[in-house]
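Engineer: Can you read through this structure? Questions will come right after.
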2 protein chains.
Amino acid sequence: VVPVFFENQIRLAAETLDAVSEMEEAFSVYSRGRAVVPPVGEMIFDNPPGDVHIKYGYIRDDDIFVIKIASGFYENSARGLPSGSGMMLVFDQKTGFPLAVLLDNGFLTDVRTAAAGAAAARFLAPAGVQCIGVAGAGTQARMQVEYLKQVIDCRRVRVWGLNEEELRSYRSDMEEKGFEVETTRNLESLAECRLIVTATPSKEPLLQAGWIQPGTHITAMGSDTAEKQELDPHILLKADRVVADSLDQCQSRGEVFQALRQGLVDLNDVLELGAVIQNPGLGRQDPNEITVADLTGVAVQDIQIAGAVWRRLETKSRSMTGGSQGG
Amino acid sequence: VVPVFFENQIRLAAETLDAVSEMEEAFSVYSRGRAVVPPVGEMIFDNPPGDVHIKYGYIRDDDIFVIKIASGFYENSARGLPSGSGMMLVFDQKTGFPLAVLLDNGFLTDVRTAAAGAAAARFLAPAGVQCIGVAGAGTQARMQVEYLKQVIDCRRVRVWGLNEEELRSYRSDMEEKGFEVETTRNLESLAECRLIVTATPSKEPLLQAGWIQPGTHITAMGSDTAEKQELDPHILLKADRVVADSLDQCQSRGEVFQALRQGLVDLNDVLELGAVIQNPGLGRQDPNEITVADLTGVAVQDIQIAGAVWRRLETKSRSMTGGSQGG
């Protein structure tokens, strides 16, 4: 019998994890070439429009392999339903047997994405950030800031969004979580922050190169396709240090891809996040540097977070069914 | 909450289905170009050796899409564990939401494979078969014969296997199911049967062309890779009618592939099973014809069987939780 875990159980287990450390481990393993990540499977639907992605793989000499299914059906929201959905499946790498079905509805993808932003900030953000600038007011705009709590002290946020309604909702939610929130409709004002996170599905550059001041770190996590883009690619030219979560993926999607195809960046000058994590000397070296982290999302993050959550859930269910208090 | 069904429930539901008709529908839909089946996802493991395949797709204008995960870890048996494992996942084609997790441990793959053999025999086997010849004594060697019950009257089986032990076990199991079973270690004697099913993982031809008599139909279902082979490819040259489950797949795997690459068969002369099902005039036309069906396994079969079983399970669980007897 294969245990099946639902979103509420998964949320509780994820709270007990150090997801940022898990992501640091994942990127490090990936950059050492220890992760096996085959091409993503895809199904595209027309009526109604929707897409399904199957991401899967494993870490060599690990116990498990993971298959993640994620869907986006954007007309769901007109019916009052979430557009995204998904699950992660954990299997035994030694027998092929399923170990757990994690019916997380995409929650673990949100966690690994937010935790990756925090991992990037740990190695790239300057010291003494006074305000976090956030472009976007959706789920990741919230979760990125929450996970940053673990790596920087700043609790002030300046958030830019498309309309006052989503900004009000963002402020109220984040104030409840202990942040001091200032909303703005002026994108340029985000550039006054020394740490900026872009978390939008934009297909046009939002932040302009001329605005960006010395001593700024930008994590761009919204752009995960060849079409999406949040940064003026001249920001990458201007930056002292450009880090991508995957040197492989950044050649076909994300901010680095946009800068590469305009000849503004040389791939040889782009660092991989896992290499920085292994060798922090490759991270920020001067308070006045401009640094950019381009996060497109890598399957090794899914493998790592699913494995970590599953181990928590399994330990817990074992201790509930048979263990003694001390065991 | 996504319902999860286990193997015992799935077995009971599958018994209430007409799996042969479901497969006829699946092949027919496939040959009409109504099935969308992306390339199979694959993971290969070395230590211990194992492989995992992810097959997925959907039928246009259907309600669902299906993702199947199947693994084979052949050292499991040394540990007393089954080598194969797997599950099928059913999703809503209009929202992307998961509808059901079918933890079938590969059982539905066995059903759809056996039912496909019966569908092929319905259109290709001669009338008045007196004995079914079976090469192999494993799960499919049993299930193919069981599913043939639905399309031919013959209950006599002559089975060839590698050793007396597996043959004794086969005979005892199949006699319990109402068959009269004769075991043999002489492969050639299978050619005395007018209907032969090959259900082995052989990588060398088992049946030789010189043995095959007029009025014989052969269903070769064991060979599903570029390496496996059960038939002397000259059998396909000698045959009056060669039918493949997929004209696409038979160019890279199975018996037709072996014959094509030796120039013994022209792809234009190979019929697709779904075309025969739609137009039975393309099937056997003369009692003396030699016919061959080459079944490599097509994802549309998984889509169809998973959908059919899920609909049964769903109806049942609805009627148990809220329905009235008459509803």
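Order determines the names: the first chain of the structure tokens is A, the second B, and so forth; residues in each chain are numbered 1 upward, and ligands are numbered 1 upward as they are shown.
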Set the cut-off to 8 Å and count only C-alpha atoms: what are the residues of chain A that reach chain B? Output as a ChimeraX atom specification.
Structural biologist: /A:1-2,4,6,38-39,41-43,45,47-48,50-52,57,71-73,76,83-86,93-98,103
Engineer: Please identify which residues in segment 54-301 of chain A DSSP calls strand (DSSP E) from the backbone, and express them as a PyMOL selection string.
Structural biologist: chain A and resi 54-59+64-72+84-92+98-103+132-135+156-160+180-184+195-198+217-220+241-244+270-272+291-294
Engineer: Would you pick out the contacts of segment 293-296 of chain B at 7 Å or less, using only C-alpha atoms, so that residues sharing its chain but fewer than 4 positions from it are not included, and give the list as a list in words?
Structural biologist: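 Counting only C-alpha atoms, the residues come to Ala120, Ile218, Thr219, Ala220, Met221, Ser223, Asp224, Val242, Val243, Ala244, Asp245, Gly254, Glu255 and Val256 of chain B.
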Engineer: What's around Gly117 of chain B at 12 Å? Count only C-alpha atoms, leave out sequence neighbours fewer than 3 positions away in its own chain, and write the answer as number ranges by chain.
Structural biologist: B: 19-21, 23-24, 27, 110-114, 120-125, 140-152, 195-199, 217-222, 243-245, 273, 292-297, 301
Engineer: Skipping near chain neighbours, those fewer than 2 positions away, what residues fall within 12 Å of Leu162 of chain B using only C-alpha atoms, listed as a VMD selection string?
Structural biologist: chain B and resid 135 to 138 159 to 160 164 to 168 170 183 to 187 200 to 202 206
Engineer: Identify all residues of segment 117-260 of chain B in helix (DSSP H, G or I) (DSSP on the backbone) and supply them as a PDB file with N, CA, C and O atoms, in the first residue's frame.
Structural biologist:
```
ATOM      1  N   GLY B 117      -4.458  -8.470 -27.745  1.00  0.00           N
ATOM      2  CA  GLY B 117      -4.264  -9.749 -28.427  1.00  0.00           C
ATOM      3  C   GLY B 117      -5.594 -10.347 -28.868  1.00  0.00           C
ATOM      4  O   GLY B 117      -5.733 -10.861 -29.986  1.00  0.00           O
ATOM      5  N   ALA B 118      -6.586 -10.248 -27.989  1.00  0.00           N
ATOM      6  CA  ALA B 118      -7.912 -10.765 -28.332  1.00  0.00           C
ATOM      7  C   ALA B 118      -8.532  -9.956 -29.466  1.00  0.00           C
ATOM      8  O   ALA B 118      -9.149 -10.517 -30.381  1.00  0.00           O
ATOM      9  N   ALA B 119      -8.352  -8.640 -29.436  1.00  0.00           N
ATOM     10  CA  ALA B 119      -8.893  -7.797 -30.519  1.00  0.00           C
ATOM     11  C   ALA B 119      -8.259  -8.185 -31.852  1.00  0.00           C
ATOM     12  O   ALA B 119      -8.952  -8.295 -32.875  1.00  0.00           O
ATOM     13  N   ALA B 120      -6.954  -8.424 -31.856  1.00  0.00           N
ATOM     14  CA  ALA B 120      -6.280  -8.827 -33.099  1.00  0.00           C
ATOM     15  C   ALA B 120      -6.816 -10.174 -33.581  1.00  0.00           C
ATOM     16  O   ALA B 120      -7.107 -10.349 -34.776  1.00  0.00           O
ATOM     17  N   ALA B 121      -6.985 -11.119 -32.657  1.00  0.00           N
ATOM     18  CA  ALA B 121      -7.474 -12.450 -33.034  1.00  0.00           C
ATOM     19  C   ALA B 121      -8.895 -12.379 -33.592  1.00  0.00           C
ATOM     20  O   ALA B 121      -9.249 -13.105 -34.517  1.00  0.00           O
ATOM     21  N   ARG B 122      -9.707 -11.493 -33.054  1.00  0.00           N
ATOM     22  CA  ARG B 122     -11.089 -11.369 -33.530  1.00  0.00           C
ATOM     23  C   ARG B 122     -11.121 -11.092 -35.044  1.00  0.00           C
ATOM     24  O   ARG B 122     -11.969 -11.606 -35.748  1.00  0.00           O
ATOM     25  N   PHE B 123     -10.182 -10.296 -35.531  1.00  0.00           N
ATOM     26  CA  PHE B 123     -10.218  -9.905 -36.938  1.00  0.00           C
ATOM     27  C   PHE B 123      -9.292 -10.748 -37.822  1.00  0.00           C
ATOM     28  O   PHE B 123      -9.385 -10.679 -39.036  1.00  0.00           O
ATOM     29  N   LEU B 124      -8.400 -11.516 -37.195  1.00  0.00           N
ATOM     30  CA  LEU B 124      -7.370 -12.185 -37.992  1.00  0.00           C
ATOM     31  C   LEU B 124      -7.340 -13.708 -37.841  1.00  0.00           C
ATOM     32  O   LEU B 124      -6.901 -14.403 -38.767  1.00  0.00           O
ATOM     33  N   THR B 139       2.992 -14.289 -17.102  1.00  0.00           N
ATOM     34  CA  THR B 139       1.709 -13.624 -16.884  1.00  0.00           C
ATOM     35  C   THR B 139       0.940 -13.423 -18.189  1.00  0.00           C
ATOM     36  O   THR B 139      -0.243 -13.749 -18.285  1.00  0.00           O
ATOM     37  N   GLN B 140       1.604 -12.878 -19.220  1.00  0.00           N
ATOM     38  CA  GLN B 140       0.882 -12.640 -20.466  1.00  0.00           C
ATOM     39  C   GLN B 140       0.514 -13.946 -21.168  1.00  0.00           C
ATOM     40  O   GLN B 140      -0.517 -14.016 -21.837  1.00  0.00           O
ATOM     41  N   ALA B 141       1.340 -14.980 -21.027  1.00  0.00           N
ATOM     42  CA  ALA B 141       0.998 -16.269 -21.635  1.00  0.00           C
ATOM     43  C   ALA B 141      -0.318 -16.783 -21.053  1.00  0.00           C
ATOM     44  O   ALA B 141      -1.096 -17.454 -21.733  1.00  0.00           O
ATOM     45  N   ARG B 142      -0.578 -16.437 -19.810  1.00  0.00           N
ATOM     46  CA  ARG B 142      -1.859 -16.783 -19.183  1.00  0.00           C
ATOM     47  C   ARG B 142      -2.965 -15.819 -19.626  1.00  0.00           C
ATOM     48  O   ARG B 142      -4.034 -16.226 -20.067  1.00  0.00           O
ATOM     49  N   MET B 143      -2.704 -14.531 -19.485  1.00  0.00           N
ATOM     50  CA  MET B 143      -3.783 -13.552 -19.710  1.00  0.00           C
ATOM     51  C   MET B 143      -4.208 -13.482 -21.170  1.00  0.00           C
ATOM     52  O   MET B 143      -5.379 -13.277 -21.473  1.00  0.00           O
ATOM     53  N   GLN B 144      -3.264 -13.653 -22.103  1.00  0.00           N
ATOM     54  CA  GLN B 144      -3.644 -13.648 -23.519  1.00  0.00           C
ATOM     55  C   GLN B 144      -4.692 -14.731 -23.774  1.00  0.00           C
ATOM     56  O   GLN B 144      -5.699 -14.498 -24.452  1.00  0.00           O
ATOM     57  N   VAL B 145      -4.448 -15.917 -23.227  1.00  0.00           N
ATOM     58  CA  VAL B 145      -5.364 -17.031 -23.438  1.00  0.00           C
ATOM     59  C   VAL B 145      -6.714 -16.758 -22.768  1.00  0.00           C
ATOM     60  O   VAL B 145      -7.778 -16.994 -23.346  1.00  0.00           O
ATOM     61  N   GLU B 146      -6.664 -16.232 -21.566  1.00  0.00           N
ATOM     62  CA  GLU B 146      -7.926 -15.905 -20.883  1.00  0.00           C
ATOM     63  C   GLU B 146      -8.775 -14.910 -21.675  1.00  0.00           C
ATOM     64  O   GLU B 146      -9.985 -15.049 -21.775  1.00  0.00           O
ATOM     65  N   TYR B 147      -8.122 -13.884 -22.224  1.00  0.00           N
ATOM     66  CA  TYR B 147      -8.886 -12.879 -22.970  1.00  0.00           C
ATOM     67  C   TYR B 147      -9.351 -13.406 -24.324  1.00  0.00           C
ATOM     68  O   TYR B 147     -10.347 -12.932 -24.867  1.00  0.00           O
ATOM     69  N   LEU B 148      -8.649 -14.410 -24.866  1.00  0.00           N
ATOM     70  CA  LEU B 148      -9.101 -15.007 -26.130  1.00  0.00           C
ATOM     71  C   LEU B 148     -10.458 -15.697 -25.979  1.00  0.00           C
ATOM     72  O   LEU B 148     -11.200 -15.826 -26.950  1.00  0.00           O
ATOM     73  N   GLU B 164      10.356 -27.371 -17.114  1.00  0.00           N
ATOM     74  CA  GLU B 164       9.167 -28.127 -16.709  1.00  0.00           C
ATOM     75  C   GLU B 164       8.448 -27.460 -15.544  1.00  0.00           C
ATOM     76  O   GLU B 164       7.230 -27.525 -15.435  1.00  0.00           O
ATOM     77  N   GLU B 165       9.208 -26.805 -14.701  1.00  0.00           N
ATOM     78  CA  GLU B 165       8.590 -26.216 -13.514  1.00  0.00           C
ATOM     79  C   GLU B 165       7.590 -25.128 -13.882  1.00  0.00           C
ATOM     80  O   GLU B 165       6.460 -25.120 -13.410  1.00  0.00           O
ATOM     81  N   GLU B 166       8.031 -24.197 -14.775  1.00  0.00           N
ATOM     82  CA  GLU B 166       7.100 -23.129 -15.130  1.00  0.00           C
ATOM     83  C   GLU B 166       5.939 -23.691 -15.946  1.00  0.00           C
ATOM     84  O   GLU B 166       4.805 -23.196 -15.859  1.00  0.00           O
ATOM     85  N   LEU B 167       6.177 -24.752 -16.703  1.00  0.00           N
ATOM     86  CA  LEU B 167       5.099 -25.359 -17.489  1.00  0.00           C
ATOM     87  C   LEU B 167       4.071 -26.032 -16.580  1.00  0.00           C
ATOM     88  O   LEU B 167       2.861 -25.913 -16.809  1.00  0.00           O
ATOM     89  N   ARG B 168       4.555 -26.724 -15.554  1.00  0.00           N
ATOM     90  CA  ARG B 168       3.625 -27.356 -14.600  1.00  0.00           C
ATOM     91  C   ARG B 168       2.752 -26.310 -13.927  1.00  0.00           C
ATOM     92  O   ARG B 168       1.544 -26.475 -13.791  1.00  0.00           O
ATOM     93  N   SER B 169       3.392 -25.216 -13.524  1.00  0.00           N
ATOM     94  CA  SER B 169       2.653 -24.152 -12.856  1.00  0.00           C
ATOM     95  C   SER B 169       1.618 -23.539 -13.813  1.00  0.00           C
ATOM     96  O   SER B 169       0.477 -23.277 -13.432  1.00  0.00           O
ATOM     97  N   TYR B 170       2.028 -23.346 -15.065  1.00  0.00           N
ATOM     98  CA  TYR B 170       1.100 -22.808 -16.066  1.00  0.00           C
ATOM     99  C   TYR B 170      -0.098 -23.738 -16.224  1.00  0.00           C
ATOM    100  O   TYR B 170      -1.251 -23.308 -16.212  1.00  0.00           O
ATOM    101  N   ARG B 171       0.192 -25.028 -16.384  1.00  0.00           N
ATOM    102  CA  ARG B 171      -0.903 -25.972 -16.615  1.00  0.00           C
ATOM    103  C   ARG B 171      -1.883 -25.961 -15.447  1.00  0.00           C
ATOM    104  O   ARG B 171      -3.097 -25.895 -15.636  1.00  0.00           O
ATOM    105  N   SER B 172      -1.340 -26.006 -14.262  1.00  0.00           N
ATOM    106  CA  SER B 172      -2.224 -26.054 -13.101  1.00  0.00           C
ATOM    107  C   SER B 172      -3.086 -24.787 -13.016  1.00  0.00           C
ATOM    108  O   SER B 172      -4.296 -24.856 -12.796  1.00  0.00           O
ATOM    109  N   ASP B 173      -2.477 -23.622 -13.255  1.00  0.00           N
ATOM    110  CA  ASP B 173      -3.257 -22.373 -13.203  1.00  0.00           C
ATOM    111  C   ASP B 173      -4.340 -22.339 -14.271  1.00  0.00           C
ATOM    112  O   ASP B 173      -5.476 -21.920 -14.020  1.00  0.00           O
ATOM    113  N   MET B 174      -3.988 -22.766 -15.478  1.00  0.00           N
ATOM    114  CA  MET B 174      -4.935 -22.606 -16.585  1.00  0.00           C
ATOM    115  C   MET B 174      -6.011 -23.682 -16.576  1.00  0.00           C
ATOM    116  O   MET B 174      -7.135 -23.452 -17.015  1.00  0.00           O
ATOM    117  N   GLU B 175      -5.669 -24.853 -16.044  1.00  0.00           N
ATOM    118  CA  GLU B 175      -6.710 -25.883 -15.910  1.00  0.00           C
ATOM    119  C   GLU B 175      -7.765 -25.420 -14.912  1.00  0.00           C
ATOM    120  O   GLU B 175      -8.960 -25.645 -15.105  1.00  0.00           O
ATOM    121  N   GLU B 176      -7.308 -24.742 -13.900  1.00  0.00           N
ATOM    122  CA  GLU B 176      -8.240 -24.177 -12.925  1.00  0.00           C
ATOM    123  C   GLU B 176      -9.213 -23.191 -13.578  1.00  0.00           C
ATOM    124  O   GLU B 176     -10.337 -23.019 -13.130  1.00  0.00           O
ATOM    125  N   LEU B 187       9.351 -26.396 -29.581  1.00  0.00           N
ATOM    126  CA  LEU B 187       8.758 -25.179 -30.145  1.00  0.00           C
ATOM    127  C   LEU B 187       8.006 -25.459 -31.440  1.00  0.00           C
ATOM    128  O   LEU B 187       6.915 -24.930 -31.668  1.00  0.00           O
ATOM    129  N   GLU B 188       8.606 -26.298 -32.294  1.00  0.00           N
ATOM    130  CA  GLU B 188       8.025 -26.523 -33.615  1.00  0.00           C
ATOM    131  C   GLU B 188       6.603 -27.060 -33.519  1.00  0.00           C
ATOM    132  O   GLU B 188       5.774 -26.795 -34.389  1.00  0.00           O
ATOM    133  N   SER B 189       6.321 -27.797 -32.431  1.00  0.00           N
ATOM    134  CA  SER B 189       4.987 -28.396 -32.323  1.00  0.00           C
ATOM    135  C   SER B 189       3.896 -27.339 -32.147  1.00  0.00           C
ATOM    136  O   SER B 189       2.721 -27.605 -32.377  1.00  0.00           O
ATOM    137  N   LEU B 190       4.284 -26.118 -31.766  1.00  0.00           N
ATOM    138  CA  LEU B 190       3.280 -25.046 -31.673  1.00  0.00           C
ATOM    139  C   LEU B 190       2.689 -24.753 -33.047  1.00  0.00           C
ATOM    140  O   LEU B 190       1.541 -24.311 -33.164  1.00  0.00           O
ATOM    141  N   ALA B 191       3.473 -25.020 -34.100  1.00  0.00           N
ATOM    142  CA  ALA B 191       3.037 -24.681 -35.459  1.00  0.00           C
ATOM    143  C   ALA B 191       1.879 -25.552 -35.920  1.00  0.00           C
ATOM    144  O   ALA B 191       1.243 -25.275 -36.936  1.00  0.00           O
ATOM    145  N   GLU B 192       1.567 -26.593 -35.145  1.00  0.00           N
ATOM    146  CA  GLU B 192       0.377 -27.395 -35.467  1.00  0.00           C
ATOM    147  C   GLU B 192      -0.909 -26.669 -35.069  1.00  0.00           C
ATOM    148  O   GLU B 192      -2.001 -27.080 -35.460  1.00  0.00           O
ATOM    149  N   ALA B 209      10.120 -19.757 -40.060  1.00  0.00           N
ATOM    150  CA  ALA B 209       9.200 -19.583 -41.186  1.00  0.00           C
ATOM    151  C   ALA B 209       8.795 -20.927 -41.800  1.00  0.00           C
ATOM    152  O   ALA B 209       7.629 -21.118 -42.172  1.00  0.00           O
ATOM    153  N   GLY B 210       9.741 -21.849 -41.883  1.00  0.00           N
ATOM    154  CA  GLY B 210       9.442 -23.132 -42.523  1.00  0.00           C
ATOM    155  C   GLY B 210       8.350 -23.925 -41.811  1.00  0.00           C
ATOM    156  O   GLY B 210       7.696 -24.776 -42.419  1.00  0.00           O
ATOM    157  N   TRP B 211       8.166 -23.654 -40.518  1.00  0.00           N
ATOM    158  CA  TRP B 211       7.187 -24.409 -39.726  1.00  0.00           C
ATOM    159  C   TRP B 211       5.748 -23.964 -39.967  1.00  0.00           C
ATOM    160  O   TRP B 211       4.804 -24.703 -39.703  1.00  0.00           O
ATOM    161  N   HIS B 234      11.359 -13.978 -41.763  1.00  0.00           N
ATOM    162  CA  HIS B 234      10.809 -14.549 -42.992  1.00  0.00           C
ATOM    163  C   HIS B 234       9.349 -14.970 -42.826  1.00  0.00           C
ATOM    164  O   HIS B 234       8.660 -15.165 -43.822  1.00  0.00           O
ATOM    165  N   ILE B 235       8.883 -15.118 -41.597  1.00  0.00           N
ATOM    166  CA  ILE B 235       7.449 -15.375 -41.388  1.00  0.00           C
ATOM    167  C   ILE B 235       6.637 -14.191 -41.911  1.00  0.00           C
ATOM    168  O   ILE B 235       5.573 -14.370 -42.511  1.00  0.00           O
ATOM    169  N   LEU B 236       7.155 -12.988 -41.714  1.00  0.00           N
ATOM    170  CA  LEU B 236       6.420 -11.800 -42.171  1.00  0.00           C
ATOM    171  C   LEU B 236       6.433 -11.711 -43.694  1.00  0.00           C
ATOM    172  O   LEU B 236       5.465 -11.271 -44.315  1.00  0.00           O
ATOM    173  N   LEU B 237       7.529 -12.158 -44.298  1.00  0.00           N
ATOM    174  CA  LEU B 237       7.606 -12.225 -45.766  1.00  0.00           C
ATOM    175  C   LEU B 237       6.586 -13.232 -46.294  1.00  0.00           C
ATOM    176  O   LEU B 237       5.889 -12.986 -47.286  1.00  0.00           O
ATOM    177  N   LYS B 238       6.493 -14.356 -45.615  1.00  0.00           N
ATOM    178  CA  LYS B 238       5.607 -15.452 -46.032  1.00  0.00           C
ATOM    179  C   LYS B 238       4.126 -15.112 -45.793  1.00  0.00           C
ATOM    180  O   LYS B 238       3.241 -15.646 -46.461  1.00  0.00           O
ATOM    181  N   GLN B 249       5.313   3.091 -34.411  1.00  0.00           N
ATOM    182  CA  GLN B 249       6.228   2.355 -33.534  1.00  0.00           C
ATOM    183  C   GLN B 249       6.896   1.176 -34.223  1.00  0.00           C
ATOM    184  O   GLN B 249       8.033   0.829 -33.895  1.00  0.00           O
ATOM    185  N   CYS B 250       6.195   0.528 -35.182  1.00  0.00           N
ATOM    186  CA  CYS B 250       6.739  -0.697 -35.773  1.00  0.00           C
ATOM    187  C   CYS B 250       7.944  -0.399 -36.659  1.00  0.00           C
ATOM    188  O   CYS B 250       8.610  -1.314 -37.123  1.00  0.00           O
ATOM    189  N   GLN B 251       8.238   0.887 -36.866  1.00  0.00           N
ATOM    190  CA  GLN B 251       9.446   1.233 -37.616  1.00  0.00           C
ATOM    191  C   GLN B 251      10.686   1.253 -36.731  1.00  0.00           C
ATOM    192  O   GLN B 251      11.802   1.389 -37.222  1.00  0.00           O
ATOM    193  N   GLY B 254       9.966  -4.187 -32.426  1.00  0.00           N
ATOM    194  CA  GLY B 254       9.038  -5.280 -32.694  1.00  0.00           C
ATOM    195  C   GLY B 254       9.407  -6.078 -33.933  1.00  0.00           C
ATOM    196  O   GLY B 254      10.461  -5.887 -34.538  1.00  0.00           O
ATOM    197  N   GLU B 255       8.517  -7.012 -34.284  1.00  0.00           N
ATOM    198  CA  GLU B 255       8.781  -7.958 -35.379  1.00  0.00           C
ATOM    199  C   GLU B 255       8.817  -7.266 -36.733  1.00  0.00           C
ATOM    200  O   GLU B 255       9.632  -7.611 -37.594  1.00  0.00           O
ATOM    201  N   VAL B 256       7.916  -6.309 -36.952  1.00  0.00           N
ATOM    202  CA  VAL B 256       7.890  -5.612 -38.239  1.00  0.00           C
ATOM    203  C   VAL B 256       9.208  -4.867 -38.434  1.00  0.00           C
ATOM    204  O   VAL B 256       9.793  -4.889 -39.525  1.00  0.00           O
ATOM    205  N   PHE B 257       9.694  -4.246 -37.370  1.00  0.00           N
ATOM    206  CA  PHE B 257      10.977  -3.541 -37.433  1.00  0.00           C
ATOM    207  C   PHE B 257      12.093  -4.473 -37.917  1.00  0.00           C
ATOM    208  O   PHE B 257      12.887  -4.118 -38.805  1.00  0.00           O
ATOM    209  N   GLN B 258      12.151  -5.692 -37.363  1.00  0.00           N
ATOM    210  CA  GLN B 258      13.197  -6.648 -37.758  1.00  0.00           C
ATOM    211  C   GLN B 258      13.075  -7.007 -39.240  1.00  0.00           C
ATOM    212  O   GLN B 258      14.080  -7.095 -39.962  1.00  0.00           O
ATOM    213  N   ALA B 259      11.843  -7.202 -39.692  1.00  0.00           N
ATOM    214  CA  ALA B 259      11.627  -7.576 -41.095  1.00  0.00           C
ATOM    215  C   ALA B 259      11.899  -6.394 -42.027  1.00  0.00           C
ATOM    216  O   ALA B 259      12.449  -6.560 -43.116  1.00  0.00           O
ATOM    217  N   LEU B 260      11.512  -5.190 -41.581  1.00  0.00           N
ATOM    218  CA  LEU B 260      11.763  -3.990 -42.397  1.00  0.00           C
ATOM    219  C   LEU B 260      13.255  -3.793 -42.610  1.00  0.00           C
ATOM    220  O   LEU B 260      13.706  -3.518 -43.716  1.00  0.00           O
TER     221      LEU B 260
END
```
Engineer: Mind pulling up the distance from atom CA of Ala226 of chain A to atom CA of Ser252 of chain A?
Structural biologist: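 According to the coordinates, atom CA of Ser252 of chain A and atom CA of Ala226 of chain A are separated by 6.0 Å.
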Engineer: Go through A:Ala127, A:Asp63, A:Arg158, A:Asp248 and flag the residue nearest Leu99 of chain A, using only C-alpha atoms for the distances.
Structural biologist: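 Closest to Leu99 of chain A of all the choices is A:Asp63.
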